[in-house]
Structures are given as structure tokens and as C-alpha cells.
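Here is the file entry-v7.pdb (PDB, C-alpha atoms and all ligand atoms).
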ATOM      1  CA  MET A   1     -13.778 -49.359  59.125
ATOM      2  CA  SER A   2     -12.699 -50.006  62.723
ATOM      3  CA  PHE A   3     -13.433 -47.752  65.719
ATOM      4  CA  TYR A   4      -9.687 -47.062  65.951
ATOM      5  CA  GLU A   5      -9.482 -45.838  62.315
ATOM      6  CA  ASN A   6     -12.692 -43.839  62.439
ATOM      7  CA  HIS A   7     -12.400 -42.174  65.859
ATOM      8  CA  VAL A   8      -9.117 -42.777  67.723
ATOM      9  CA  LEU A   9      -6.717 -42.202  64.807
ATOM     10  CA  PRO A  10      -8.322 -38.908  63.675
ATOM     11  CA  LEU A  11      -8.009 -37.591  67.237
ATOM     12  CA  LEU A  12      -4.361 -38.717  67.536
ATOM     13  CA  LEU A  13      -3.439 -37.210  64.139
ATOM     14  CA  HIS A  14      -5.226 -33.984  64.991
ATOM     15  CA  LEU A  15      -3.293 -33.692  68.272
ATOM     16  CA  ALA A  16       0.071 -34.657  66.748
ATOM     17  CA  CYS A  17      -0.367 -32.194  63.870
ATOM     18  CA  GLY A  18      -1.726 -29.413  66.055
ATOM     19  CA  THR A  19       1.349 -28.614  68.148
ATOM     20  CA  ARG A  20       2.814 -25.110  68.218
ATOM     21  CA  VAL A  21       6.050 -26.171  66.511
ATOM     22  CA  VAL A  22       4.125 -27.772  63.655
ATOM     23  CA  ASP A  23       1.894 -24.718  63.420
ATOM     24  CA  ARG A  24       4.988 -22.548  62.952
ATOM     25  CA  GLN A  25       5.972 -24.790  60.041
ATOM     26  CA  ARG A  26       2.572 -24.329  58.386
ATOM     27  CA  ALA A  27       3.033 -20.559  58.598
ATOM     28  CA  LYS A  28       6.183 -20.869  56.454
ATOM     29  CA  VAL A  29       4.394 -22.215  53.366
ATOM     30  CA  VAL A  30       0.588 -22.043  53.449
ATOM     31  CA  PRO A  31       0.253 -18.212  53.238
ATOM     32  CA  GLU A  32       1.912 -18.406  49.797
ATOM     33  CA  ALA A  33      -1.050 -20.322  48.334
ATOM     34  CA  GLN A  34      -3.035 -18.361  45.781
ATOM     35  CA  GLY A  35      -5.930 -18.681  43.359
ATOM     36  CA  ARG A  36      -7.622 -22.061  43.062
ATOM     37  CA  VAL A  37      -5.928 -24.282  45.629
ATOM     38  CA  LEU A  38      -5.926 -28.049  46.062
ATOM     39  CA  GLU A  39      -4.958 -29.167  49.558
ATOM     40  CA  VAL A  40      -4.013 -32.852  49.508
ATOM     41  CA  GLY A  41      -4.871 -34.707  52.725
ATOM     42  CA  MET A  42      -6.631 -31.781  54.383
ATOM     43  CA  GLY A  43      -6.952 -33.738  57.624
ATOM     44  CA  SER A  44      -8.630 -31.778  60.408
ATOM     45  CA  GLY A  45      -8.229 -28.468  58.557
ATOM     46  CA  LEU A  46      -5.300 -27.135  60.582
ATOM     47  CA  ASN A  47      -4.007 -25.153  57.594
ATOM     48  CA  ILE A  48      -7.227 -23.142  57.194
ATOM     49  CA  PRO A  49      -6.153 -20.228  59.454
ATOM     50  CA  HIS A  50      -2.866 -19.927  57.544
ATOM     51  CA  TYR A  51      -4.342 -19.204  54.105
ATOM     52  CA  ASN A  52      -4.355 -15.580  53.023
ATOM     53  CA  PRO A  53      -8.036 -14.930  52.192
ATOM     54  CA  ASP A  54      -7.038 -12.035  49.922
ATOM     55  CA  LYS A  55      -5.074 -14.423  47.710
ATOM     56  CA  VAL A  56      -7.236 -17.548  47.793
ATOM     57  CA  GLU A  57     -10.247 -17.927  45.531
ATOM     58  CA  LEU A  58     -11.272 -21.470  46.497
ATOM     59  CA  VAL A  59      -9.760 -24.457  48.313
ATOM     60  CA  TRP A  60     -10.513 -28.040  47.324
ATOM     61  CA  GLY A  61      -9.893 -30.121  50.441
ATOM     62  CA  LEU A  62      -9.027 -33.628  49.359
ATOM     63  CA  GLU A  63      -9.349 -36.018  52.307
ATOM     64  CA  PRO A  64     -10.277 -39.715  52.044
ATOM     65  CA  SER A  65     -10.880 -40.272  55.766
ATOM     66  CA  GLU A  66     -14.394 -39.572  56.974
ATOM     67  CA  GLY A  67     -13.110 -39.312  60.549
ATOM     68  CA  MET A  68     -10.662 -36.555  59.574
ATOM     69  CA  ARG A  69     -13.316 -34.690  57.572
ATOM     70  CA  ARG A  70     -15.575 -34.806  60.635
ATOM     71  CA  LYS A  71     -12.775 -33.345  62.791
ATOM     72  CA  ALA A  72     -12.346 -30.493  60.286
ATOM     73  CA  ARG A  73     -15.983 -29.397  60.242
ATOM     74  CA  LYS A  74     -15.736 -26.553  62.755
ATOM     75  CA  ARG A  75     -12.600 -25.055  61.218
ATOM     76  CA  LEU A  76     -14.101 -25.202  57.733
ATOM     77  CA  ALA A  77     -17.321 -23.529  58.856
ATOM     78  CA  GLY A  78     -15.271 -20.486  59.898
ATOM     79  CA  ALA A  79     -13.191 -20.287  56.709
ATOM     80  CA  PRO A  80     -13.380 -16.877  54.980
ATOM     81  CA  PHE A  81     -13.268 -18.554  51.543
ATOM     82  CA  GLU A  82     -15.063 -21.448  49.889
ATOM     83  CA  VAL A  83     -13.827 -24.970  50.744
ATOM     84  CA  ARG A  84     -15.071 -27.935  48.692
ATOM     85  CA  TRP A  85     -14.438 -31.456  49.945
ATOM     86  CA  LEU A  86     -13.069 -34.134  47.621
ATOM     87  CA  ASP A  87     -13.524 -37.452  49.444
ATOM     88  CA  LEU A  88     -11.029 -39.495  47.419
ATOM     89  CA  PRO A  89      -7.354 -40.408  47.849
ATOM     90  CA  ALA A  90      -4.587 -38.404  46.192
ATOM     91  CA  GLU A  91      -3.938 -41.250  43.769
ATOM     92  CA  GLU A  92      -7.352 -40.419  42.205
ATOM     93  CA  ILE A  93      -7.671 -36.631  42.243
ATOM     94  CA  PRO A  94     -11.070 -35.936  40.631
ATOM     95  CA  LEU A  95     -10.112 -32.613  39.000
ATOM     96  CA  GLU A  96      -9.510 -31.616  35.380
ATOM     97  CA  ASP A  97      -5.989 -31.157  34.049
ATOM     98  CA  ASP A  98      -4.546 -27.667  34.676
ATOM     99  CA  SER A  99      -7.226 -26.690  37.190
ATOM    100  CA  ALA A 100      -5.236 -25.576  40.266
ATOM    101  CA  ASP A 101      -2.872 -22.634  40.757
ATOM    102  CA  THR A 102      -1.428 -24.121  43.945
ATOM    103  CA  VAL A 103      -1.239 -27.562  45.505
ATOM    104  CA  VAL A 104      -0.654 -27.623  49.282
ATOM    105  CA  LEU A 105       0.878 -30.732  50.816
ATOM    106  CA  THR A 106       1.631 -30.714  54.541
ATOM    107  CA  TYR A 107       2.507 -33.853  56.553
ATOM    108  CA  THR A 108       0.707 -36.092  54.070
ATOM    109  CA  LEU A 109       3.275 -37.432  51.597
ATOM    110  CA  CYS A 110       4.573 -39.623  54.446
ATOM    111  CA  THR A 111       1.231 -41.464  54.466
ATOM    112  CA  ILE A 112       0.041 -41.759  50.851
ATOM    113  CA  PRO A 113       0.505 -45.415  49.830
ATOM    114  CA  ASP A 114       1.225 -44.823  46.105
ATOM    115  CA  TRP A 115       3.126 -41.555  46.495
ATOM    116  CA  HIS A 116       4.436 -41.611  42.917
ATOM    117  CA  ARG A 117       0.992 -41.845  41.369
ATOM    118  CA  ALA A 118      -0.299 -39.184  43.779
ATOM    119  CA  LEU A 119       2.480 -36.743  42.846
ATOM    120  CA  GLU A 120       1.820 -37.388  39.146
ATOM    121  CA  GLN A 121      -1.821 -36.519  39.775
ATOM    122  CA  MET A 122      -0.786 -33.299  41.529
ATOM    123  CA  ARG A 123       1.397 -32.413  38.540
ATOM    124  CA  ARG A 124      -1.480 -33.155  36.172
ATOM    125  CA  VAL A 125      -3.952 -30.844  37.919
ATOM    126  CA  LEU A 126      -1.490 -27.972  38.387
ATOM    127  CA  LYS A 127      -1.693 -25.218  35.788
ATOM    128  CA  PRO A 128       1.511 -24.426  33.877
ATOM    129  CA  GLY A 129       3.478 -22.150  36.195
ATOM    130  CA  GLY A 130       1.535 -23.407  39.231
ATOM    131  CA  ARG A 131       3.278 -24.290  42.483
ATOM    132  CA  LEU A 132       3.357 -27.222  44.847
ATOM    133  CA  LEU A 133       3.894 -25.908  48.395
ATOM    134  CA  PHE A 134       5.155 -28.620  50.702
ATOM    135  CA  CYS A 135       6.071 -29.124  54.334
ATOM    136  CA  GLU A 136       6.804 -32.731  55.215
ATOM    137  CA  HIS A 137       8.810 -34.779  57.660
ATOM    138  CA  GLY A 138      11.098 -37.480  56.319
ATOM    139  CA  SER A 139      14.459 -39.134  56.065
ATOM    140  CA  ALA A 140      17.091 -37.412  58.255
ATOM    141  CA  PRO A 141      20.594 -36.480  57.047
ATOM    142  CA  ASP A 142      22.346 -38.085  60.043
ATOM    143  CA  GLU A 143      23.242 -41.730  59.630
ATOM    144  CA  ASN A 144      22.405 -42.687  63.243
ATOM    145  CA  VAL A 145      18.957 -41.029  63.075
ATOM    146  CA  ARG A 146      18.295 -42.627  59.691
ATOM    147  CA  GLN A 147      19.092 -46.049  61.101
ATOM    148  CA  TRP A 148      16.541 -45.442  63.872
ATOM    149  CA  GLN A 149      13.988 -44.308  61.353
ATOM    150  CA  ASP A 150      14.426 -47.489  59.332
ATOM    151  CA  ARG A 151      14.226 -49.649  62.455
ATOM    152  CA  ILE A 152      11.125 -48.003  63.894
ATOM    153  CA  ASN A 153       9.224 -47.488  60.626
ATOM    154  CA  PRO A 154       7.403 -50.859  60.335
ATOM    155  CA  LEU A 155       5.899 -50.478  63.818
ATOM    156  CA  TRP A 156       5.292 -46.738  63.481
ATOM    157  CA  ARG A 157       3.421 -47.194  60.200
ATOM    158  CA  ARG A 158       1.028 -49.591  61.886
ATOM    159  CA  VAL A 159       0.130 -47.355  64.840
ATOM    160  CA  ALA A 160       0.254 -44.002  63.011
ATOM    161  CA  GLY A 161      -2.252 -44.618  60.222
ATOM    162  CA  GLY A 162       0.279 -45.556  57.527
ATOM    163  CA  CYS A 163       2.745 -42.713  58.249
ATOM    164  CA  ASN A 164       6.353 -43.433  57.223
ATOM    165  CA  VAL A 165       9.150 -41.578  59.012
ATOM    166  CA  ASN A 166      11.883 -42.379  56.488
ATOM    167  CA  ARG A 167      10.715 -41.165  53.084
ATOM    168  CA  PRO A 168      13.292 -39.115  51.126
ATOM    169  CA  ILE A 169      10.875 -36.259  50.427
ATOM    170  CA  PRO A 170      12.849 -34.133  47.883
ATOM    171  CA  ARG A 171      13.828 -37.243  45.931
ATOM    172  CA  LEU A 172      10.165 -38.310  45.696
ATOM    173  CA  ILE A 173       9.022 -34.858  44.554
ATOM    174  CA  ALA A 174      11.794 -34.463  41.975
ATOM    175  CA  GLY A 175      11.311 -38.076  40.793
ATOM    176  CA  ALA A 176       7.701 -37.311  39.881
ATOM    177  CA  GLY A 177       8.608 -34.544  37.434
ATOM    178  CA  PHE A 178       8.807 -31.470  39.667
ATOM    179  CA  GLY A 179      11.672 -29.011  39.821
ATOM    180  CA  ILE A 180      12.262 -27.942  43.400
ATOM    181  CA  GLY A 181      12.563 -24.166  43.783
ATOM    182  CA  ARG A 182      13.110 -22.984  47.335
ATOM    183  CA  MET A 183      13.711 -25.630  49.984
ATOM    184  CA  GLU A 184      14.742 -25.483  53.628
ATOM    185  CA  THR A 185      15.337 -28.322  56.057
ATOM    186  CA  GLY A 186      15.852 -28.865  59.767
ATOM    187  CA  TYR A 187      14.943 -30.777  62.912
ATOM    188  CA  LEU A 188      11.903 -29.395  64.717
ATOM    189  CA  PRO A 189      12.413 -28.461  68.374
ATOM    190  CA  LYS A 190      10.612 -30.495  71.065
ATOM    191  CA  THR A 191      10.065 -33.370  68.627
ATOM    192  CA  PRO A 192      11.691 -36.815  68.653
ATOM    193  CA  LYS A 193      14.452 -36.747  66.038
ATOM    194  CA  PHE A 194      13.183 -39.820  64.209
ATOM    195  CA  ALA A 195       9.945 -37.988  63.338
ATOM    196  CA  GLY A 196      11.199 -34.425  63.414
ATOM    197  CA  PHE A 197      13.328 -33.824  60.350
ATOM    198  CA  ASN A 198      11.351 -31.447  58.105
ATOM    199  CA  TYR A 199      11.575 -30.337  54.479
ATOM    200  CA  TRP A 200       9.620 -27.266  53.368
ATOM    201  CA  GLY A 201       9.497 -25.135  50.241
ATOM    202  CA  ASP A 202       8.014 -25.123  46.768
ATOM    203  CA  ALA A 203       8.237 -27.025  43.514
ATOM    204  CA  SER A 204       6.838 -26.616  39.991
ATOM    205  CA  PRO A 205       6.124 -29.057  37.175
ATOM    206  CA  ARG A 206       9.226 -29.396  34.941
TER     207      ARG A 206
HETATM  208  C1  LIG B   1      -0.714 -36.694  59.416
HETATM  209  S1  LIG B   1      -2.222 -36.305  58.668
HETATM  210  C2  LIG B   1      -1.939 -34.636  58.102
HETATM  211  C3  LIG B   1      -3.181 -33.873  57.838
HETATM  212  C4  LIG B   1      -2.986 -32.457  57.282
HETATM  213  N1  LIG B   1      -2.369 -32.477  55.969
HETATM  214  C5  LIG B   1      -2.215 -31.576  58.217
HETATM  215  O1  LIG B   1      -1.222 -30.957  57.792
HETATM  216  O2  LIG B   1      -2.618 -31.465  59.392
HETATM  217  C6  LIG B   1      -2.159 -37.245  57.158
HETATM  218  C7  LIG B   1      -3.432 -37.137  56.353
HETATM  219  O3  LIG B   1      -3.275 -37.827  55.102
HETATM  220  C8  LIG B   1      -4.513 -38.439  54.798
HETATM  221  N2  LIG B   1      -4.301 -39.500  53.803
HETATM  222  C9  LIG B   1      -4.032 -40.805  54.014
HETATM  223  N3  LIG B   1      -3.952 -41.466  52.848
HETATM  224  C10 LIG B   1      -4.172 -40.553  51.874
HETATM  225  C11 LIG B   1      -4.237 -40.622  50.462
HETATM  226  N4  LIG B   1      -4.038 -41.760  49.803
HETATM  227  N5  LIG B   1      -4.522 -39.486  49.796
HETATM  228  C12 LIG B   1      -4.715 -38.317  50.455
HETATM  229  N6  LIG B   1      -4.668 -38.186  51.789
HETATM  230  C13 LIG B   1      -4.398 -39.295  52.489
HETATM  231  C14 LIG B   1      -4.993 -38.948  56.141
HETATM  232  O4  LIG B   1      -6.367 -39.265  56.131
HETATM  233  C15 LIG B   1      -4.643 -37.772  57.044
HETATM  234  O5  LIG B   1      -5.676 -36.834  57.094
END
Turn the structure described in the file into C-alpha cells.
Amino acid sequence: MSFYENHVLPLLLHLACGTRVVDRQRAKVVPEAQGRVLEVGMGSGLNIPHYNPDKVELVWGLEPSEGMRRKARKRLAGAPFEVRWLDLPAEEIPLEDDSADTVVLTYTLCTIPDWHRALEQMRRVLKPGGRLLFCEHGSAPDENVRQWQDRINPLWRRVAGGCNVNRPIPRLIAGAGFGIGRMETGYLPKTPKFAGFNYWGDASPR
């Protein structure tokens, strides 16, 4: 693994995901997590302060990047609940069927190479009645913004660790066998429009 992937990229992702506007987005979904939770792409652990410790029994933090896991160390050490690392990609979730009450997915579906397989894995490990809580950026509703997203995506993906700005998030989630419950959308303030259209809410296996 290159120096860029192991050190520079984790720092850039941590900074980009740690802004106040993004933090406000986390606060809209993460506190709803309960029971045994799988967080997919835990990154530098920025969701940890948003979990409600009275509702969470355990969090499995799935994160394939060693650099991101290293960045998360301090935040995890202060967590008021148990966090267990899973150092594999979401396409290979190493958990039994029906083992999680909640799956948390924030700003990660944009990056997972085989998103369909990953979402199928999330559905497999969710208990019947369990919930997928998501907050993701993706394809914008405005034609002119969407055109920019499509134009910029090949370059963006290369510099931003595989992140795609133009994925149609609800279509991907529904296409993998989830029924979307609550969902809200909108452009984030103080964020370039091409990367700032967000989708957040919950979904359950159909
Ligand atoms: C933009 S960061 C977001 C991190 C975190 N979810 C957050 O909200 O701050 C994207 C994360 O997805 C992780 N990732 C990349 N490929 C992945 C895969 N195949 N499965 C799971 N996570 C992956 C990256 O290592 C990175 O930590």
C-alpha cells in the first residue's frame, strides 16, 4: 500500500468527514441505532459520539483500511460501549445471518466497489425487523448539477479514495432488497453542490 493510501488519504477523509455540517447530518440518524450494531466503513470513528450508549449493546466497526482504523483509535478508546473491529470490506461481512439489530452506513456507499454485494451482505446480517440507518451523498436532482457530477466523477474517484459523487443512493438501497422507510434529502450548506446532495433515513429488509 502506498504512503498516500496509508497516511495522506486517511487524513483527508477524516478532515472532509469531520466538518460541522457533516456532523449535524450524523446526528440525524446515528442516535437511532440500537442493540447489536454493525457500522459499515467506520472510518476514523466520527460516529462514535453520536451513538446513544443507553440503546447500544455493542458496535462492530467494519473498516478495511488500516490507516482509517489507526485514525479511529483515540475515539474508540473513549467509547462508552464495546467496539469490535472487523478488518474486511463490506462485500465480505464476517458475521452470522441475522446477527445485527441495526446497520449504520454513513458516507461509505459512495466508495464501496461492489455496492450491490455489500448491501446484500448487510441485508443478510440484519435480523428480521432490523434497520439500516443511512446518510450518504449522491446523485443530485438538478440536471445541471448531475451533469457536473458525471463529468467530475472519474477524476474525483481517483483522488478521493474511490468515492463516487453520482451514485443514485435510494435506487441502490431499494435494488438490493430493502424497503425505504423514512427518507429526507437536501444540499448541505457550505459544501460544493456536486458533492453535497445528501440522502438520509432508514430502510428494512423486504
Ligand atoms: C468517506 S469515508 C467515511 C467514513 C465513515 N463512514 C464516516 O462517516 O466518517 C469512506 C470509508 O469507506 C471505507 N471503505 C472503502 N471501501 C470499503 C469497502 N469495500 N467496505 C467497507 N468500507 C469501505 C474507507 O476505508 C473509508 O473509511
Worksheet item: Which is closest to A:Pro94 among A:Ser65, A:Pro113, A:Ala160, A:Leu38, if we use all atoms listed in the file?
Response: A:Leu38
Please give the centre and size of the box around stretch 85-96 of chain A (axis-aligned, containing every atom listed in the file, 8 Å added per side), with values in Å to one decimal and written as JSON.
{"center_x": -9.2, "center_y": -36.4, "center_z": 42.7, "size_x": 26.5, "size_y": 25.8, "size_z": 30.6}
Worksheet item: How would you write, as a ChimeraX atom specification, the set of residues no farther than 8 Å from ligand LIG 1 (chain B) when counting all atoms listed in the file?
Response: /A:10,13-14,16-18,26,39-47,62-65,68-69,88-91,105-115,118,161-163
Residues of the last selection are to be written out with C-alpha atoms, as a JSON list (two decimals), in the coordinates of the input.
[["chain", "number", "residue", "atom", "x", "y", "z"],
["A", 10, "PRO", "CA", -8.32, -38.91, 63.68],
["A", 13, "LEU", "CA", -3.44, -37.21, 64.14],
["A", 14, "HIS", "CA", -5.23, -33.98, 64.99],
["A", 16, "ALA", "CA", 0.07, -34.66, 66.75],
["A", 17, "CYS", "CA", -0.37, -32.19, 63.87],
["A", 18, "GLY", "CA", -1.73, -29.41, 66.06],
["A", 26, "ARG", "CA", 2.57, -24.33, 58.39],
["A", 39, "GLU", "CA", -4.96, -29.17, 49.56],
["A", 40, "VAL", "CA", -4.01, -32.85, 49.51],
["A", 41, "GLY", "CA", -4.87, -34.71, 52.72],
["A", 42, "MET", "CA", -6.63, -31.78, 54.38],
["A", 43, "GLY", "CA", -6.95, -33.74, 57.62],
["A", 44, "SER", "CA", -8.63, -31.78, 60.41],
["A", 45, "GLY", "CA", -8.23, -28.47, 58.56],
["A", 46, "LEU", "CA", -5.30, -27.14, 60.58],
["A", 47, "ASN", "CA", -4.01, -25.15, 57.59],
["A", 62, "LEU", "CA", -9.03, -33.63, 49.36],
["A", 63, "GLU", "CA", -9.35, -36.02, 52.31],
["A", 64, "PRO", "CA", -10.28, -39.72, 52.04],
["A", 65, "SER", "CA", -10.88, -40.27, 55.77],
["A", 68, "MET", "CA", -10.66, -36.56, 59.57],
["A", 69, "ARG", "CA", -13.32, -34.69, 57.57],
["A", 88, "LEU", "CA", -11.03, -39.49, 47.42],
["A", 89, "PRO", "CA", -7.35, -40.41, 47.85],
["A", 90, "ALA", "CA", -4.59, -38.40, 46.19],
["A", 91, "GLU", "CA", -3.94, -41.25, 43.77],
["A", 105, "LEU", "CA", 0.88, -30.73, 50.82],
["A", 106, "THR", "CA", 1.63, -30.71, 54.54],
["A", 107, "TYR", "CA", 2.51, -33.85, 56.55],
["A", 108, "THR", "CA", 0.71, -36.09, 54.07],
["A", 109, "LEU", "CA", 3.28, -37.43, 51.60],
["A", 110, "CYS", "CA", 4.57, -39.62, 54.45],
["A", 111, "THR", "CA", 1.23, -41.46, 54.47],
["A", 112, "ILE", "CA", 0.04, -41.76, 50.85],
["A", 113, "PRO", "CA", 0.50, -45.42, 49.83],
["A", 114, "ASP", "CA", 1.23, -44.82, 46.10],
["A", 115, "TRP", "CA", 3.13, -41.56, 46.50],
["A", 118, "ALA", "CA", -0.30, -39.18, 43.78],
["A", 161, "GLY", "CA", -2.25, -44.62, 60.22],
["A", 162, "GLY", "CA", 0.28, -45.56, 57.53],
["A", 163, "CYS", "CA", 2.74, -42.71, 58.25]]
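Closest approach to A:Gly67 among A:His137, A:Arg146, A:His7, A:Arg157: A:His7, based on all atoms listed in the file.
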Worksheet item: Taking only C-alpha atoms into account, which of A:Gln147, A:Gln34, A:Ser99, A:Asn164 comes nearest A:Val125?
Response: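 Answer, going by the shortest atom-to-atom distance: A:Ser99.
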Item to complete: Rank nothing, just name the residue among A:Pro128, A:Pro205, A:Gly35, A:Pro53 nearest to A:Ala174, using all atoms listed in the file.
Response: A:Pro205
Kindly provide, as a PDB file with C-alpha atoms, in the coordinates of the input, the polymer residues lying within 6 Å of (7.2, -29.0, 43.9), counting all atoms listed in the file and using the coordinates exactly as they appear in the file.
ATOM      1  CA  LEU A 132       3.357 -27.222  44.847  1.00  0.00           C
ATOM      2  CA  PHE A 178       8.807 -31.470  39.667  1.00  0.00           C
ATOM      3  CA  ILE A 180      12.262 -27.942  43.400  1.00  0.00           C
ATOM      4  CA  ASP A 202       8.014 -25.123  46.768  1.00  0.00           C
ATOM      5  CA  ALA A 203       8.237 -27.025  43.514  1.00  0.00           C
ATOM      6  CA  SER A 204       6.838 -26.616  39.991  1.00  0.00           C
TER       7      SER A 204
END
Discussion item. When you look at A:Phe197 with a cut-off of 7 Å (counting only C-alpha atoms), what residues show up, excluding the ones that are within fewer than 6 positions of it in the same chain? I need them as a list in words.
Written reply: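 The residues satisfying every condition are His137, Gly138, Ser139, Ala140, Gly186, Tyr187 and Leu188 of chain A.
Remark: residues at most 8 Å from position (2.2, -24.7, 44.9) in file coordinates are Glu32, Ala33, Asp101, Thr102, Val103, Val104, Gly130, Arg131, Leu132, Leu133, Phe134, Asp202, Ala203 and Ser204 of chain A, using only C-alpha atoms.
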Worksheet entry | Interatomic distance (Å, one decimal) between atom CA of A:Ile173 and atom CA of A:Glu5 |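 Taking atom CA of A:Ile173 as the start and atom CA of A:Glu5 as the end point, the length is 27.9 Å.
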Item to complete: Would you mind telling me which residue in A:Leu126, A:Ala79, A:Val30, A:Val159 lies nearest to A:Trp200 when using all atoms listed in the file?
Response: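 Using all atoms listed in the file, A:Trp200 sits closest to A:Val30.
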Discussion item. Can you measure atom CA of A:Asp98 to atom CA of A:Val37 for me? One decimal in Å is fine.
Written reply: 11.5 Å
Response to the item:
A straight line from atom CA of A:Glu57 to atom CA of A:Arg206 spans 25.0 Å
Worksheet entry | Pick from A:Arg36, A:Ala72, A:Pro31, A:Leu86, whichever lies nearest to A:Asn52 using all atoms listed in the file |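 Under the stated criterion, the closest residue is A:Pro31.
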